[in-house]
Structure formats: C-alpha cells, structure tokens
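Novice: Below: one structure in structure tokens.
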Amino acid sequence: MDYLLTDEQKMIKDLAHKIAEEKIRPVAAKYDISEEYPWDVLKVIGESDLFGLFIPAEYGGLGVNVMNLCLATEELSRACGGIAVCYAASALGTFPIVLFGNEEQKKKYLPDLASGKKVAAFAVTEPGAGSDASAITTVAKKEGDHYVLNGLKHFITNGGDAETYVVIAMTDKTKGARGATAFIVEKGTPGFTFGKKEDKFGIRASSTRELIFTDCKIPKENLLSKEGMGFIVTMRTFDMSRPGVAAQALGIGQGALELAVKYAKERHQFGKAISSFQGIQWMLADMATEIEAARALVYSTARMVDAGCKDVAKDSAMAKMYASDVAMKVTVDALQIFGGYGYMKDYPIEKYVRDAKITQIYEGTNQIQRSIIALQLIKEYSK
Amino acid sequence: MNIIVCIKQVPETTEVRINPETNTLIREGVKSIINPFDMYAIEAGVRLKEKFGGKVTIVTMGPPQAEAAIRDAIAMGADEGFLVCDRAFAGSDTWATSYTLSGAIKKIGGFDIILCGKQASDGDTAQVGPGISTHLDIPQVTYVKKIEEATDKSIKVERMMEEGYEIIETPLPCLLTVVKEINEPRIPSLKGLMRAKAAKITTLTQKDMSLDPQGLGLCGSPTQVVKIFTPPQRQGGQILTGEAEEVASQLVDLIKDEVH
C-alpha cells in the first residue's frame with residue numbers, strides 16, 4: 001500500500017531499514033541472550049541523526065514529528081523489538097522536556113539527547129501503581145531551593161543506562177492526581193540509585209530496572225512545568241508516544257511476516273514448498289492484511305498528532321491496541337508456519353513472539369486502551 | 001587537509017553478466033552502488049577531515065546517473081563532488097580513465113591526498129589508482145590498511161602484504177589505495193542525506209580540462225579486450241596418499257600420462 005510518504009520520510013525509512021539490516025539483525029540474537037544494553041547499535045542510530053526525529057531543530061534535532069518517529073521505530077523493530085525500544089523509550093523520556101521544559105531545561109538536556117550521546121527514560125510506574133497511575137507513592141518535598149525525592153519506581157525502560165530521567169512524584173498527596181509533579185533527575189544525583197534489573201520474557205536487549213530515591217535532592221530548576229502538572233505531563237507525553245509503541249508492534253509484526261513468507265517458500269514438504277498449500281497461503285494473507293490495517297491506523301494517528309489535532313487519545317489508543325494485538329497474533333501464526341523449527345531458539349521467529357507480547361502491556365495495557373476508547377465513544381454519543 | 005576520493009559506480013550484483021557479442025557489462029536491470037572498496041576510501045577521507053580539518057572532494061567518471069554515487073558519498077560526510085562525464089570518454093580503458101581523472105584532479109587542484117579503493121568490483125584491475133598517480137607524477141602507496149600518522153607535509157601508512165605489512169612514509173601530495181581492513185564505513189546520517197540531496201554536483205566535460213584528445217576514450221585506450229568469459233569451475237584435484245616413495249612414483253606416472 002502506498003502511504004504517499006514525502007521524500008524526507010522515504011529517506012528516514014530507508015535509513016532506518018539500512019541500520020536494521022546491517023547493524024541490528026546480525027546482533028539481535030546476541031543481545032537477546034546476553035541482555036546487555038546495545039550501546040554500539042545506539043551509537044550508530046545516534047550518528048545517523050534518528051534521535052533527532054523527536055527533538056526540535058533549535059536544540060540539535062530535526063524537528064518533532066511523530067510520523068517520522070513511527071517510520072524509524074517500525075523499521076528498527078522489524079529487526080529487533082528489544083533494540084528498537086531502547087530508542088523509542090528515549091523518545092518517551094524526552095517528550096516531557098520537549099513539551100513542558102523551559103528554555104534552560106531544553107538547552108541543557110535536548111542537544112545530548114538529539115545526538116544520542118545520552119538516552120532518556122520516563123518513570124511513572126511503581127510496584128503498586130501500574131494501570132492506576134494515580135496510586136503512585138513516590139514523594140517530592142520542597143525544602144528551600146530544592147526538592148527531596150523518596151520512593152521507588154520500577155519496570156523503567158532504559159533504567160540504569162539512561163542519563164536523563166523524567167520522574168513523576170507526589171508533591172501534595174491530599175490533592176490526588178492533581179498533586180503529582182514531574183521532575184528531571186540526572187543519573188549520578190546523590191540519593192538516586194538503581195535496584196533490580198528485570199530478567200524479561202522479551203525485548204531483552206533493553207534494560208528494565210528499578211529506580212530508588214532516598215533523600216535525593218533535586219534542584220528546583222529541575223521541576224518540569226509546575227507543581228501539580230504531573231498527570232497532565234504524563235497524559236500529553238503518552239499521546240505523543242503511543243503511536244510509537246504501535247509502530248514498534250507494527251514493525252515486530254512486519255518482521256515476523258517477512259520471515260514467515262521467506263520460510264514458507266523455502267520449506268518443502270510432500271515434495272512442494274509449503275507456500276503452495278492453501279492452509280499456509282490463507283494464514284499469510286490474513287497476517288499481511290491485518291498488518292496493513294494496523295499500519296493505516298498507526299500512520300493516520302501519527303499524522304493527526306503532527307497536524308496538531310486535539311483529542312487524539314481515542315485514536316492513539318486504537319492504534320496502540322490494534323497494532324499490538326495484530327503483532328501478537330501475527331507472530332504466533334508466523335511461528336506456527338515455521339512448525340517445530342519455529343519453536344527452537346536456533347530460528348529467529350520465537351523471539352518475535354516474545355518481543356510482541358510486551359506491546360500489549362506497556363504504555364497502558366490493551367484493556368486500559370479499550371476503556372479509553374469506550375469512555376470516549378460513550379461521551380461522543382451522549383452529546 | 002584537502003582530500004580527493006575517486007569513486008566508481010558499479011552494478012550491485014557480484015555476478016556480473018557480460019554481453020558475449022560486445023564483451024561489455026550488461027547493466028540493465030542491475031542496481032548501481034558505489035564500488036564497495038571505494039566506500040573504505042570515502043570513510044578514510046572523512047576520518048582524515050574530521051581529524052585534521054579541510055574538505056573531502058569526490059570525483060567519479062561515468063554516465064550522468066553516476067551522480068547518485070557522488071550524492072551517496074556526500075551523505076557519508078564528503079563536502080562536494082565532480083562528475084567527469086562526456087561522450088568523448090566512452091570506451092576508456094584503465095589508462096585512458098586514469099589519464100582523464102588526472103586531468104579532472106588537476107582542474108580541481110589544491111589536494112594533499114588522493115584516496116581510491118584498491119580496485120573496482122566489476123573490472124577488478126586495480127590499475128586506475130596507480131594510473132592516476134603516474135599521470136600526476138606523485139607518490140603512491142597501494143593496499144593501505146592503516147594510516148599511522150599524518151602531518152601537512154607527509155603521511156605514514158601500513159601497506160598490506162600477503163604476509164605481514166610494510167610501513168611506508170611518503171611526502172604529500174600522494175595517492176593511496178585502501179583495502180577493507182582500513183575501517184568500517186559509516187552509515188550515512190539524515191542530515192548528510194539531506195545535504196546530499198541538495199548538493200550541487202559539478203560536471204566536468206572534455207572542454208573543462210586540458211587533456212590531449214588522443215588520450216581519451218576508445219582512441220586513448222591501448223587495452224584491447226579480445227575475449228571475456230567465465231572460466232569453467234575447477235574440478236576437484238586428486239589426492240595421492242601413501243608412503244613418500246610410492247606417492248612420488250605414482251605422481252611421475254600421472255605426469256607421464258598427462259604429457260602423452
């Protein structure tokens with residue numbers, strides 16, 4: 001399907017494709033096993049300017065464009081969902097600064113994030129606050145010209161490897177959601193340490209870690225936006241980043257489909273390539289169609305966000321939910337086409353199944369996405 | 001430090017097909033790329049520029065579509081490009097090509113180092129680089145695998161040999177041909193790609209350069225291609241086993257049979 005990409009978008013897609021094929025695919029299995037952070041690949045991504053796709057030009061980027069970010073994320077994810085999420089999670093950690101940072105904060109943090117010299121992370125989730133982000137217990141208490149952070153964040157993507165963290169903490173517990181505030185916290189700040197590194201089912205090249213704040217003093221200049229704006233910062237950030245998660249799912253699905261078609265043409269049984277059997281053909285046809293439908297939804301949403309459309313929450317949720325459900329189904333079907341070989345780690349397809357699963361869970365489970373869609377729908381029809 | 005990198009656009013496939021009637025390469029339907037060995041020359045040039053300042057100029061001789069190769073090189077960090085293109089250059093062999101390129105390089109002027117890949121993946125002659133240095137009458141070092149040090153007056157390099165390597169120091173200006181061991185060519189950057197898209201490529205024709213018309217194209221090419229063919233695949237040899245004496249006499253018999 002032709003999505004009428006501009007010359008610049010084709011350039012971004014081709015470049016990300018080249019990086020994926022030449023620099024990511026050959027090392028995807030290695031990082032999946034070792035769970036090391038793929039710094040060498042991120043260096044290449046940084047040198048290619050792809051980190052600049054979510055940063056304004058005046059701070060060393062190429063201008064914030066969610067569609068461009070989606071194209072890059074999709075292509076990188078085709079080769080490895082784990083390495084791609086290290087990139088996409090830096091976008092997630094950067095968006096709050098792009099959207100809400102003041103001039104000094106942008107000048108200080110964005111150039112290094114644009115060049116990929118440093119990566120960012122966004123820290124909302126806590127052991128007791130997953131889907132219910134209003135239950136967070138990390139507190140920030142104002143004392144003179146600084147805030148003192150205490151609490152624990154967990155499941156933080158890029159945790160430990162990122163240099164720049166945006167952390168949501170409660171400045172006024174009595175106000176509930178309106179008492180949450182966003183802070184920029186630098187790695188190395190006294191009182192800020194890292195806890196358990198998770199041993200994950202998929203996206204194993206990415207780091208997922210606990211952040212521990214113990215009387216961690218943050219200068220008041222690191223307050224992002226204003227006190228009480230933490231949930232607005234979070235929601236607006238997710239509006240920007242959700243199409244990216246959808247694009248990641250899309251890329252994983254696309255990558256699995258490509259491997260399945262190739263395998264079906266090579267694998268012979270009963271004297272014929274298994275791609276000549278209708279049972280396989282229909283599976284491939286469904287997989288390709290569902291991926292294309294997901295792509296249309298993801299690109300449309302990304303373009304809406306870039307065009308400045310308001311109320312993209314429902315569309316964003318639809319794109320993320322649908323693309324990740326498709327990725328899950330397609331990767332499982334792709335493994336089925338590989339048969340017994342697909343179940344073995346010698347073949348790359350089982351990794352796609354593992355990498356796809358998280359896209360149904362993070363940045364709002366697909367159940368939460370459905371709630372967002374349904375609530376919006378009910379609201380629209382009650383006018 | 002001003003660097004000129006000579007590159008060639010070649011067909012992507014390693015299985016080059018040849019038209020048996022004309023003995024020329026069949027280019028239709030084959031994607032064109034920068035000669036893989038030239039990628040190392042471009043990377044070496046860009047790294048020298050990053051270290052010492054100056055600029056990297058790309059020169060290629062070829063049909064108008066070879067401009068794409070220059071843009072790819074600019075995307076990797078080169079500054080400007082010249083396309084040496086004229087009907088008069090058609091049919092050039094390595095001698096005429098290196099003569100024409102030397103004319104282009106003289107016209108561009110102001111260079112310290114000329115870099116070339118060790119050979120092109122289609123012709124495999126490895127003659128154009130040395131030919132350019134001969135026409136320009138400057139020193140050359142072929143098969144460079146490492147640049148040890150460079151100043152504005154001289155350069156010290158490691159030259160790959162079949163066993164070990166030589167360390168050679170030569171005054172500038174000079175020409176180096178490089179092997180793949182020298183570096184890992186970078187992936188272009190988006191900013192580079194955008195710059196490459198907008199870059200103005202200068203075309204140099206015969207009248208832009210002071211060259212002897214007799215030295216150009218088919219007329220200036222002493223090489224005559226008599227026949228090009230794909231050699232038959234080598235059959236597996238025969239291994240003789242046993243005691244040395246026994247094997248020696250078997251071998252003598254075999255040679256005798258072969259001679260008769």
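As shown in the structure tokens, the chain order sets the letters A, B, ...; within each chain, residues go from 1, and ligands are also counted from 1 in the order they appear.
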What are the residues of chain A that have an atom within 10 Å of an atom of chain B, counting only C-alpha atoms, as a list in words?

Specialist: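 Here they are: Asp7, Glu8, Met11, Ile12, Leu15, Ala16, Lys18, Ile19, Glu22, Lys23, Val44, Ile45, Gly46, Glu47, Ser48, Asp49, Leu50, Gly52, Leu53, Gly61 and Leu62 of chain A.
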
Novice: Hey, what does DSSP flag as helix (DSSP H, G or I) within stretch 44-179 of chain B? Can you give it to me as a PDB file with N, CA and C atoms, in the first residue's frame?

Specialist:
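Written file, result-v9.pdb:
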ATOM      1  N   ALA B  44      37.828   6.692   4.916  1.00  0.00           N
ATOM      2  CA  ALA B  44      39.174   7.125   5.313  1.00  0.00           C
ATOM      3  C   ALA B  44      39.323   8.626   5.093  1.00  0.00           C
ATOM      4  N   GLY B  45      38.773   9.124   3.986  1.00  0.00           N
ATOM      5  CA  GLY B  45      38.840  10.554   3.686  1.00  0.00           C
ATOM      6  C   GLY B  45      38.083  11.379   4.710  1.00  0.00           C
ATOM      7  N   VAL B  46      36.883  10.932   5.047  1.00  0.00           N
ATOM      8  CA  VAL B  46      36.058  11.684   6.005  1.00  0.00           C
ATOM      9  C   VAL B  46      36.725  11.686   7.384  1.00  0.00           C
ATOM     10  N   ARG B  47      37.329  10.553   7.740  1.00  0.00           N
ATOM     11  CA  ARG B  47      38.012  10.494   9.048  1.00  0.00           C
ATOM     12  C   ARG B  47      39.217  11.435   9.086  1.00  0.00           C
ATOM     13  N   LEU B  48      39.963  11.497   7.977  1.00  0.00           N
ATOM     14  CA  LEU B  48      41.106  12.431   7.932  1.00  0.00           C
ATOM     15  C   LEU B  48      40.613  13.873   8.079  1.00  0.00           C
ATOM     16  N   LYS B  49      39.504  14.171   7.402  1.00  0.00           N
ATOM     17  CA  LYS B  49      38.949  15.526   7.501  1.00  0.00           C
ATOM     18  C   LYS B  49      38.519  15.821   8.949  1.00  0.00           C
ATOM     19  N   GLU B  50      37.860  14.833   9.575  1.00  0.00           N
ATOM     20  CA  GLU B  50      37.393  15.041  10.941  1.00  0.00           C
ATOM     21  C   GLU B  50      38.561  15.285  11.896  1.00  0.00           C
ATOM     22  N   LYS B  51      39.706  14.686  11.580  1.00  0.00           N
ATOM     23  CA  LYS B  51      40.867  14.818  12.451  1.00  0.00           C
ATOM     24  C   LYS B  51      41.664  16.089  12.150  1.00  0.00           C
ATOM     25  N   PHE B  52      41.834  16.378  10.858  1.00  0.00           N
ATOM     26  CA  PHE B  52      42.744  17.472  10.504  1.00  0.00           C
ATOM     27  C   PHE B  52      42.060  18.694   9.905  1.00  0.00           C
ATOM     28  N   PRO B  64      25.774  10.091 -16.718  1.00  0.00           N
ATOM     29  CA  PRO B  64      25.097  11.041 -15.824  1.00  0.00           C
ATOM     30  C   PRO B  64      24.536  10.412 -14.546  1.00  0.00           C
ATOM     31  N   GLN B  65      24.078   9.152 -14.650  1.00  0.00           N
ATOM     32  CA  GLN B  65      23.482   8.545 -13.443  1.00  0.00           C
ATOM     33  C   GLN B  65      24.506   8.266 -12.341  1.00  0.00           C
ATOM     34  N   ALA B  66      25.799   8.381 -12.657  1.00  0.00           N
ATOM     35  CA  ALA B  66      26.834   8.180 -11.627  1.00  0.00           C
ATOM     36  C   ALA B  66      26.798   9.294 -10.580  1.00  0.00           C
ATOM     37  N   GLU B  67      26.026  10.334 -10.879  1.00  0.00           N
ATOM     38  CA  GLU B  67      25.834  11.417  -9.907  1.00  0.00           C
ATOM     39  C   GLU B  67      25.277  10.876  -8.587  1.00  0.00           C
ATOM     40  N   ALA B  68      24.459   9.821  -8.688  1.00  0.00           N
ATOM     41  CA  ALA B  68      23.876   9.219  -7.479  1.00  0.00           C
ATOM     42  C   ALA B  68      24.967   8.718  -6.542  1.00  0.00           C
ATOM     43  N   ALA B  69      26.044   8.182  -7.112  1.00  0.00           N
ATOM     44  CA  ALA B  69      27.142   7.680  -6.279  1.00  0.00           C
ATOM     45  C   ALA B  69      27.802   8.831  -5.527  1.00  0.00           C
ATOM     46  N   ILE B  70      27.925   9.984  -6.205  1.00  0.00           N
ATOM     47  CA  ILE B  70      28.525  11.154  -5.551  1.00  0.00           C
ATOM     48  C   ILE B  70      27.636  11.601  -4.386  1.00  0.00           C
ATOM     49  N   ARG B  71      26.319  11.610  -4.612  1.00  0.00           N
ATOM     50  CA  ARG B  71      25.405  12.027  -3.536  1.00  0.00           C
ATOM     51  C   ARG B  71      25.498  11.063  -2.344  1.00  0.00           C
ATOM     52  N   ASP B  72      25.614   9.774  -2.623  1.00  0.00           N
ATOM     53  CA  ASP B  72      25.759   8.803  -1.526  1.00  0.00           C
ATOM     54  C   ASP B  72      27.029   9.107  -0.717  1.00  0.00           C
ATOM     55  N   ALA B  73      28.088   9.498  -1.410  1.00  0.00           N
ATOM     56  CA  ALA B  73      29.349   9.799  -0.723  1.00  0.00           C
ATOM     57  C   ALA B  73      29.224  11.087   0.097  1.00  0.00           C
ATOM     58  N   ILE B  74      28.495  12.050  -0.425  1.00  0.00           N
ATOM     59  CA  ILE B  74      28.283  13.298   0.324  1.00  0.00           C
ATOM     60  C   ILE B  74      27.465  13.003   1.587  1.00  0.00           C
ATOM     61  N   ALA B  75      26.512  12.081   1.478  1.00  0.00           N
ATOM     62  CA  ALA B  75      25.706  11.697   2.648  1.00  0.00           C
ATOM     63  C   ALA B  75      26.584  11.105   3.750  1.00  0.00           C
ATOM     64  N   ARG B  87      30.764  12.253 -23.701  1.00  0.00           N
ATOM     65  CA  ARG B  87      30.738  11.160 -24.696  1.00  0.00           C
ATOM     66  C   ARG B  87      32.166  10.803 -25.127  1.00  0.00           C
ATOM     67  N   ALA B  88      33.042  11.816 -25.118  1.00  0.00           N
ATOM     68  CA  ALA B  88      34.422  11.601 -25.573  1.00  0.00           C
ATOM     69  C   ALA B  88      35.169  10.607 -24.685  1.00  0.00           C
ATOM     70  N   PHE B  89      34.659  10.390 -23.471  1.00  0.00           N
ATOM     71  CA  PHE B  89      35.353   9.479 -22.551  1.00  0.00           C
ATOM     72  C   PHE B  89      34.869   8.031 -22.696  1.00  0.00           C
ATOM     73  N   THR B  94      41.650   1.416 -18.476  1.00  0.00           N
ATOM     74  CA  THR B  94      42.160   1.946 -17.209  1.00  0.00           C
ATOM     75  C   THR B  94      43.182   3.069 -17.437  1.00  0.00           C
ATOM     76  N   TRP B  95      43.903   2.979 -18.551  1.00  0.00           N
ATOM     77  CA  TRP B  95      44.911   4.006 -18.858  1.00  0.00           C
ATOM     78  C   TRP B  95      44.218   5.335 -19.198  1.00  0.00           C
ATOM     79  N   ALA B  96      43.268   5.277 -20.123  1.00  0.00           N
ATOM     80  CA  ALA B  96      42.559   6.491 -20.523  1.00  0.00           C
ATOM     81  C   ALA B  96      41.734   7.041 -19.350  1.00  0.00           C
ATOM     82  N   THR B  97      41.154   6.141 -18.551  1.00  0.00           N
ATOM     83  CA  THR B  97      40.360   6.576 -17.393  1.00  0.00           C
ATOM     84  C   THR B  97      41.252   7.323 -16.407  1.00  0.00           C
ATOM     85  N   SER B  98      42.421   6.745 -16.115  1.00  0.00           N
ATOM     86  CA  SER B  98      43.286   7.402 -15.126  1.00  0.00           C
ATOM     87  C   SER B  98      43.851   8.713 -15.690  1.00  0.00           C
ATOM     88  N   TYR B  99      44.051   8.746 -16.996  1.00  0.00           N
ATOM     89  CA  TYR B  99      44.506   9.999 -17.625  1.00  0.00           C
ATOM     90  C   TYR B  99      43.421  11.076 -17.491  1.00  0.00           C
ATOM     91  N   THR B 100      42.182  10.692 -17.796  1.00  0.00           N
ATOM     92  CA  THR B 100      41.059  11.639 -17.719  1.00  0.00           C
ATOM     93  C   THR B 100      40.852  12.115 -16.281  1.00  0.00           C
ATOM     94  N   LEU B 101      40.894  11.158 -15.343  1.00  0.00           N
ATOM     95  CA  LEU B 101      40.702  11.534 -13.928  1.00  0.00           C
ATOM     96  C   LEU B 101      41.829  12.450 -13.452  1.00  0.00           C
ATOM     97  N   SER B 102      43.046  12.186 -13.935  1.00  0.00           N
ATOM     98  CA  SER B 102      44.155  13.051 -13.508  1.00  0.00           C
ATOM     99  C   SER B 102      43.926  14.478 -14.020  1.00  0.00           C
ATOM    100  N   GLY B 103      43.338  14.568 -15.221  1.00  0.00           N
ATOM    101  CA  GLY B 103      43.006  15.894 -15.756  1.00  0.00           C
ATOM    102  C   GLY B 103      41.971  16.589 -14.886  1.00  0.00           C
ATOM    103  N   ALA B 104      40.976  15.825 -14.431  1.00  0.00           N
ATOM    104  CA  ALA B 104      39.940  16.395 -13.563  1.00  0.00           C
ATOM    105  C   ALA B 104      40.553  16.853 -12.249  1.00  0.00           C
ATOM    106  N   ILE B 105      41.455  16.047 -11.714  1.00  0.00           N
ATOM    107  CA  ILE B 105      42.073  16.363 -10.418  1.00  0.00           C
ATOM    108  C   ILE B 105      42.954  17.611 -10.533  1.00  0.00           C
ATOM    109  N   LYS B 106      43.670  17.728 -11.657  1.00  0.00           N
ATOM    110  CA  LYS B 106      44.474  18.940 -11.886  1.00  0.00           C
ATOM    111  C   LYS B 106      43.569  20.162 -11.930  1.00  0.00           C
ATOM    112  N   LYS B 107      42.431  19.987 -12.597  1.00  0.00           N
ATOM    113  CA  LYS B 107      41.474  21.094 -12.732  1.00  0.00           C
ATOM    114  C   LYS B 107      40.943  21.501 -11.344  1.00  0.00           C
ATOM    115  N   ILE B 108      40.615  20.510 -10.513  1.00  0.00           N
ATOM    116  CA  ILE B 108      40.094  20.801  -9.171  1.00  0.00           C
ATOM    117  C   ILE B 108      41.218  21.414  -8.328  1.00  0.00           C
ATOM    118  N   VAL B 128      43.532   1.808 -11.928  1.00  0.00           N
ATOM    119  CA  VAL B 128      43.194   3.227 -12.096  1.00  0.00           C
ATOM    120  C   VAL B 128      43.874   4.103 -11.030  1.00  0.00           C
ATOM    121  N   GLY B 129      43.881   3.643  -9.781  1.00  0.00           N
ATOM    122  CA  GLY B 129      44.551   4.424  -8.726  1.00  0.00           C
ATOM    123  C   GLY B 129      46.010   4.676  -9.068  1.00  0.00           C
ATOM    124  N   PRO B 130      46.800   3.592  -9.245  1.00  0.00           N
ATOM    125  CA  PRO B 130      48.199   3.791  -9.626  1.00  0.00           C
ATOM    126  C   PRO B 130      48.343   4.615 -10.909  1.00  0.00           C
ATOM    127  N   GLY B 131      47.438   4.426 -11.859  1.00  0.00           N
ATOM    128  CA  GLY B 131      47.489   5.190 -13.107  1.00  0.00           C
ATOM    129  C   GLY B 131      47.367   6.683 -12.860  1.00  0.00           C
ATOM    130  N   ILE B 132      46.458   7.065 -11.977  1.00  0.00           N
ATOM    131  CA  ILE B 132      46.271   8.495 -11.681  1.00  0.00           C
ATOM    132  C   ILE B 132      47.565   9.083 -11.119  1.00  0.00           C
ATOM    133  N   SER B 133      48.174   8.360 -10.171  1.00  0.00           N
ATOM    134  CA  SER B 133      49.396   8.893  -9.549  1.00  0.00           C
ATOM    135  C   SER B 133      50.517   9.011 -10.586  1.00  0.00           C
ATOM    136  N   THR B 134      50.548   8.080 -11.526  1.00  0.00           N
ATOM    137  CA  THR B 134      51.556   8.134 -12.594  1.00  0.00           C
ATOM    138  C   THR B 134      51.336   9.372 -13.465  1.00  0.00           C
ATOM    139  N   HIS B 135      50.089   9.586 -13.874  1.00  0.00           N
ATOM    140  CA  HIS B 135      49.787  10.750 -14.706  1.00  0.00           C
ATOM    141  C   HIS B 135      50.058  12.062 -13.967  1.00  0.00           C
ATOM    142  N   LEU B 136      49.838  12.052 -12.657  1.00  0.00           N
ATOM    143  CA  LEU B 136      50.058  13.280 -11.871  1.00  0.00           C
ATOM    144  C   LEU B 136      51.496  13.396 -11.393  1.00  0.00           C
TER     145      LEU B 136
END

Novice: Write out as a VMD selection string the residues lying within 7 Å of A:Ser207, counting only C-alpha atoms and excluding same-chain residues fewer than 6 positions away.

Specialist: chain A and resid 37 157 to 159

Novice: Quick one, how far is atom CA of B:Met209 from atom CA of B:Asp152?

Specialist: 27.4 Å

Novice: What does the structure give for the distance between atom CA of A:Gly364 and atom CA of A:Lys153, in Å to one decimal?

Specialist: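 Atom CA of A:Lys153 lies 16.2 Å from atom CA of A:Gly364.
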
Novice: Would you kindly return, as a VMD selection string, each protein, DNA or RNA residue with an atom no farther than 10 Å from any atom of A:Phe238, considering only C-alpha atoms and excluding same-chain residues fewer than 5 positions away?

Specialist: chain A and resid 92 95 to 96 232 to 233 243 to 245 313 316 to 317 363 to 364

Novice: From the list A:Arg25, A:Lys107, A:Arg242, A:Lys320, which residue is nearest A:Ser77 when using only C-alpha atoms?

Specialist: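 The closest residue to A:Ser77 is A:Arg25.
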
Novice: Just the residues within 8 Å of stretch 171-176 of chain B, please, counting only C-alpha atoms, with nothing from its chain fewer than 4 positions along; format it as a short mmCIF file (atom, residue, chain, number, x, y, z; two decimals) with C-alpha atoms, in the first residue's frame.

Specialist:
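What follows is the written file result_27.cif:
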data_model
loop_
_atom_site.label_atom_id
_atom_site.label_comp_id
_atom_site.auth_asym_id
_atom_site.auth_seq_id
_atom_site.Cartn_x
_atom_site.Cartn_y
_atom_site.Cartn_z
CA PHE B 111 44.76 18.47 -2.86
CA ASP B 112 47.01 16.81 -0.30
CA ILE B 113 45.88 13.21 -0.56
CA ILE B 114 44.03 11.26 -3.24
CA LEU B 115 42.27 8.15 -1.98
CA CYS B 116 41.00 5.26 -4.09
CA GLY B 129 44.55 4.42 -8.73
CA PRO B 130 48.20 3.79 -9.63
CA SER B 133 49.40 8.89 -9.55
CA ILE B 138 53.04 11.96 -7.35
CA PRO B 139 53.98 9.11 -4.99
CA GLN B 140 51.55 6.26 -4.48
CA VAL B 141 51.06 3.61 -1.84
CA THR B 142 48.69 0.77 -2.70
CA TYR B 143 46.79 -1.60 -0.39
CA VAL B 144 46.89 0.72 2.61
CA ASP B 152 50.64 18.65 6.49
CA LYS B 153 53.87 17.50 4.84
CA SER B 154 53.83 13.70 4.97
CA ILE B 155 51.88 10.59 5.80
#

Novice: As an MDAnalysis selection string, please: every residue in stretch 9-240 of chain B that a backbone DSSP assignment puts in strand (DSSP E).

Specialist: chainID B and resid 9:11 18:19 24:25 32:34 55:61 80:84 113:117 140:150 154:160 165:171 174:178 201:204

Novice: What's the separation between atom CA of A:Ala79 and atom CA of A:Tyr352, in Å to one decimal place?

Specialist: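 One can read the atom CA of A:Ala79 to atom CA of A:Tyr352 distance as 9.2 Å.
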
Novice: Quick one: everything within 12 Å of A:Lys30, counting only C-alpha atoms, minus sequence neighbours fewer than 4 positions away in the same chain. Send it as a list in words.

Specialist: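 My list of contacting residues is Ile24, Arg25, Pro26, Ser34, Glu35, Glu36, Tyr37, Pro38, Cys80, Gly82, Ile83, Arg204, Ala205, Lys345, Asp346, Pro348 and Lys351 of chain A.
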
Novice: Write to file, as a short mmCIF file (atom, residue, chain, number, x, y, z; two decimals), in the first residue's frame, the residues of the selection just made, with C-alpha atoms.

Specialist:
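What landed in result_19.cif:
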data_model
loop_
_atom_site.label_atom_id
_atom_site.label_comp_id
_atom_site.auth_asym_id
_atom_site.auth_seq_id
_atom_site.Cartn_x
_atom_site.Cartn_y
_atom_site.Cartn_z
CA ILE A 24 20.71 -4.72 14.20
CA ARG A 25 19.68 -8.02 12.61
CA PRO A 26 23.19 -9.53 12.88
CA SER A 34 23.19 -11.53 26.92
CA GLU A 35 20.66 -8.85 27.98
CA GLU A 36 23.42 -6.28 27.57
CA TYR A 37 22.43 -2.77 26.66
CA PRO A 38 23.15 -2.36 22.91
CA CYS A 80 14.73 -6.38 16.85
CA GLY A 82 14.34 -5.01 22.04
CA ILE A 83 16.93 -2.73 20.49
CA ARG A 204 15.72 -8.44 26.36
CA ALA A 205 18.23 -6.08 24.73
CA LYS A 345 15.91 -20.82 19.54
CA ASP A 346 18.10 -21.61 16.53
CA PRO A 348 14.72 -16.16 14.91
CA LYS A 351 11.93 -14.06 19.68
#

Novice: Let me make sure I understand: among A:Ala91, A:Ala319, A:Ile55, A:Met1, which one has the smallest atom-to-atom distance to A:Ala249 if we use only C-alpha atoms?

Specialist: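 Distance minimum relative to A:Ala249 lands on A:Ala319.
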
Novice: I'd like the neighbourhood of A:Gln281 as a PyMOL selection string, where a residue qualifies if any of its atoms comes within 12 Å (using only C-alpha atoms), though same-chain residues fewer than 3 positions away should be ignored.

Specialist: chain A and resi 257+260-261+264-265+273-278+284-288+333-334+337
